[in-house]
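Colleague: Okay, handing you the structure first.
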Amino acid sequence: MKNSKTKKLAVAALFCAVAVVGSLFSFPVFGSKCSPVQHMVNVLCGVLLGPAYAVGAAFAASLIRNILGLGSLLAFPGSMFGAFLCGVIYKKTRSVIGAVIGEVFGTAVLGGLCAYPIAIMFMGKAGAGLAFYAYVFPFFVSTFVGAAVSGMIIFALEKTGALADMQASVNK
(Lines give C-alpha, C1' and ligand atoms only; values in the text may rest on other atoms or scores of the structure.)
Protein backbone atom coordinates (compact mmCIF):
# COMPACT_ATOMS: atom_id res chain seq x y z
CA MET A 1 0.00 0.00 0.00
CA LYS A 2 2.77 2.41 -0.93
CA ASN A 3 0.56 4.21 -3.39
CA SER A 4 -1.50 7.08 -1.94
CA LYS A 5 -4.42 6.38 -4.27
CA THR A 6 -4.53 2.74 -3.20
CA LYS A 7 -4.58 3.76 0.46
CA LYS A 8 -7.32 6.30 -0.15
CA LEU A 9 -9.38 3.77 -2.10
CA ALA A 10 -9.01 1.20 0.68
CA VAL A 11 -10.04 3.72 3.35
CA ALA A 12 -12.98 4.87 1.20
CA ALA A 13 -14.07 1.23 0.84
CA LEU A 14 -13.96 0.82 4.63
CA PHE A 15 -16.05 3.96 5.05
CA CYS A 16 -18.49 2.64 2.45
CA ALA A 17 -18.81 -0.63 4.38
CA VAL A 18 -19.44 1.24 7.64
CA ALA A 19 -22.15 3.30 5.92
CA VAL A 20 -23.86 0.19 4.53
CA VAL A 21 -23.79 -1.68 7.82
CA GLY A 22 -24.79 1.50 9.65
CA SER A 23 -27.87 1.81 7.46
CA LEU A 24 -29.35 -1.05 9.46
CA PHE A 25 -29.85 1.65 12.08
CA SER A 26 -32.21 3.86 10.09
CA PHE A 27 -35.54 5.39 10.92
CA PRO A 28 -38.36 6.73 8.73
CA VAL A 29 -39.18 10.44 8.69
CA PHE A 30 -41.98 11.29 6.24
CA GLY A 31 -41.02 9.84 2.85
CA SER A 32 -37.38 9.00 3.48
CA LYS A 33 -35.28 6.55 5.45
CA CYS A 34 -32.92 8.54 7.64
CA SER A 35 -29.51 7.00 8.09
CA PRO A 36 -27.32 9.20 10.29
CA VAL A 37 -24.34 6.82 10.02
CA GLN A 38 -24.10 7.69 6.31
CA HIS A 39 -23.68 11.35 7.19
CA MET A 40 -21.13 10.60 9.88
CA VAL A 41 -19.14 8.66 7.27
CA ASN A 42 -19.51 11.51 4.75
CA VAL A 43 -17.84 13.99 7.11
CA LEU A 44 -15.09 11.59 8.16
CA CYS A 45 -14.39 10.67 4.55
CA GLY A 46 -14.53 14.29 3.37
CA VAL A 47 -12.06 15.39 6.05
CA LEU A 48 -9.64 12.47 5.67
CA LEU A 49 -9.79 11.83 1.93
CA GLY A 50 -11.29 14.86 0.20
CA PRO A 51 -14.41 15.55 -1.83
CA ALA A 52 -13.88 13.10 -4.71
CA TYR A 53 -13.43 10.07 -2.46
CA ALA A 54 -16.26 11.23 -0.17
CA VAL A 55 -18.67 11.41 -3.12
CA GLY A 56 -17.44 8.08 -4.45
CA ALA A 57 -17.94 6.38 -1.08
CA ALA A 58 -21.38 8.00 -0.69
CA PHE A 59 -22.42 6.84 -4.17
CA ALA A 60 -21.16 3.31 -3.62
CA ALA A 61 -22.85 3.07 -0.21
CA SER A 62 -26.13 4.37 -1.67
CA LEU A 63 -25.94 1.88 -4.53
CA ILE A 64 -25.20 -1.08 -2.24
CA ARG A 65 -27.93 0.01 0.21
CA ASN A 66 -30.45 0.11 -2.65
CA ILE A 67 -29.37 -3.27 -4.02
CA LEU A 68 -29.74 -4.80 -0.55
CA GLY A 69 -33.08 -3.07 0.08
CA LEU A 70 -31.68 -1.02 2.97
CA GLY A 71 -32.30 2.37 1.39
CA SER A 72 -34.40 4.20 -1.17
CA LEU A 73 -33.47 6.10 -4.31
CA LEU A 74 -33.42 9.20 -2.13
CA ALA A 75 -30.17 7.88 -0.62
CA PHE A 76 -28.30 9.22 -3.65
CA PRO A 77 -29.13 12.93 -3.34
CA GLY A 78 -29.38 12.48 0.42
CA SER A 79 -25.72 11.57 0.71
CA MET A 80 -23.75 12.77 -2.29
CA PHE A 81 -24.40 16.52 -2.11
CA GLY A 82 -23.42 16.69 1.54
CA ALA A 83 -20.30 14.59 1.01
CA PHE A 84 -19.17 16.84 -1.83
CA LEU A 85 -19.82 20.12 -0.03
CA CYS A 86 -18.24 18.84 3.18
CA GLY A 87 -15.08 17.74 1.38
CA VAL A 88 -14.76 20.96 -0.63
CA ILE A 89 -15.26 23.22 2.38
CA TYR A 90 -12.75 21.27 4.48
CA LYS A 91 -10.21 21.23 1.65
CA LYS A 92 -10.49 25.01 1.21
CA THR A 93 -10.74 26.10 4.88
CA ARG A 94 -9.44 23.21 7.04
CA SER A 95 -12.42 23.97 9.29
CA VAL A 96 -14.16 21.01 10.92
CA ILE A 97 -17.16 23.18 11.74
CA GLY A 98 -17.26 24.29 8.10
CA ALA A 99 -17.17 20.67 6.97
CA VAL A 100 -20.02 19.75 9.32
CA ILE A 101 -22.10 22.73 8.15
CA GLY A 102 -21.32 21.80 4.53
CA GLU A 103 -22.58 18.27 5.14
CA VAL A 104 -25.78 19.50 6.77
CA PHE A 105 -26.50 22.18 4.15
CA GLY A 106 -25.54 19.98 1.20
CA THR A 107 -27.69 17.10 2.37
CA ALA A 108 -30.67 18.91 3.86
CA VAL A 109 -31.09 21.74 1.39
CA LEU A 110 -29.45 20.67 -1.88
CA GLY A 111 -30.14 16.95 -1.46
CA GLY A 112 -33.64 17.61 -0.13
CA LEU A 113 -34.53 19.80 -3.11
CA CYS A 114 -33.08 17.31 -5.59
CA ALA A 115 -35.01 14.47 -3.98
CA TYR A 116 -38.32 15.87 -5.22
CA PRO A 117 -37.71 15.34 -8.97
CA ILE A 118 -36.23 11.90 -8.24
CA ALA A 119 -39.38 11.00 -6.30
CA ILE A 120 -41.56 12.18 -9.20
CA MET A 121 -39.57 10.45 -11.95
CA PHE A 122 -38.71 7.15 -10.30
CA MET A 123 -40.90 6.59 -7.25
CA GLY A 124 -44.32 7.40 -8.69
CA LYS A 125 -47.21 9.27 -7.15
CA ALA A 126 -46.65 8.04 -3.60
CA GLY A 127 -43.21 9.60 -3.46
CA ALA A 128 -44.17 12.71 -5.41
CA GLY A 129 -47.32 13.44 -3.43
CA LEU A 130 -45.34 15.45 -0.91
CA ALA A 131 -44.36 19.02 -1.64
CA PHE A 132 -40.73 19.41 -2.67
CA TYR A 133 -39.76 21.05 0.64
CA ALA A 134 -41.00 18.03 2.60
CA TYR A 135 -37.70 16.27 1.93
CA VAL A 136 -35.60 19.04 3.47
CA PHE A 137 -36.76 18.37 7.05
CA PRO A 138 -36.23 14.57 7.08
CA PHE A 139 -32.83 14.97 5.45
CA PHE A 140 -31.95 17.65 8.01
CA VAL A 141 -32.81 15.34 10.93
CA SER A 142 -30.66 12.55 9.55
CA THR A 143 -27.67 14.65 8.57
CA PHE A 144 -27.65 16.76 11.73
CA VAL A 145 -27.32 13.71 13.97
CA GLY A 146 -24.61 12.06 11.87
CA ALA A 147 -22.65 15.26 11.24
CA ALA A 148 -22.70 16.18 14.94
CA VAL A 149 -21.32 12.76 15.91
CA SER A 150 -18.58 12.97 13.28
CA GLY A 151 -17.74 16.51 14.36
CA MET A 152 -17.17 15.28 17.91
CA ILE A 153 -15.01 12.40 16.65
CA ILE A 154 -12.92 14.71 14.47
CA PHE A 155 -12.46 17.26 17.26
CA ALA A 156 -11.23 14.46 19.54
CA LEU A 157 -8.86 13.23 16.83
CA GLU A 158 -7.59 16.78 16.29
CA LYS A 159 -7.02 17.32 20.00
CA THR A 160 -4.88 14.20 20.28
CA GLY A 161 -3.00 14.86 17.04
CA ALA A 162 -4.30 11.65 15.50
CA LEU A 163 -6.17 13.45 12.71
CA ALA A 164 -2.98 14.94 11.27
CA ASP A 165 -1.28 11.55 11.49
CA MET A 166 -4.19 9.86 9.72
CA GLN A 167 -4.27 12.49 6.97
CA ALA A 168 -0.52 12.21 6.49
CA SER A 169 -0.74 8.42 6.37
CA VAL A 170 -3.29 8.31 3.54
CA ASN A 171 -1.42 10.97 1.57
CA LYS A 172 1.98 9.19 1.60
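Chain labels follow the order of the C-alpha coordinates: the first chain is A, the next B, and so on; residue numbering restarts at 1 in every chain, and ligands are counted from 1 in their shown order.
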Do a neighbour search on Leu85 of chain A at 8 Å with only C-alpha atoms, toss out local chain neighbours closer than 3 positions, and write the hits as a list in words.

Modeller: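 That gives Pro51, Phe81, Gly82, Val88, Ile89, Ala99, Gly102, Glu103 and Gly106 of chain A.
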
Colleague: I need the residue nearest Leu48 of chain A from this list: A:Val20, A:Phe84, A:Ala164, A:Lys159. Use only C-alpha atoms for the distance.

Modeller: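 With only C-alpha atoms as the atom set, the closest residue is A:Ala164.
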
Colleague: Determine the nearest neighbour of Gln167 of chain A from the options A:Leu44, A:Leu70, A:Val104, A:Val21, counting only C-alpha atoms.

Modeller: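 Looking at the shortest contact to Gln167 of chain A, the residue is A:Leu44.
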
Colleague: Please identify all polymer residues within 7 Å of Val100 of chain A, counting only C-alpha atoms, omitting same-chain residues fewer than 3 positions from it, and present them as a list in words.

Modeller: Val43, Cys86, Val96, Ile97, Glu103, Val104, Ala147 and Gly151 of chain A
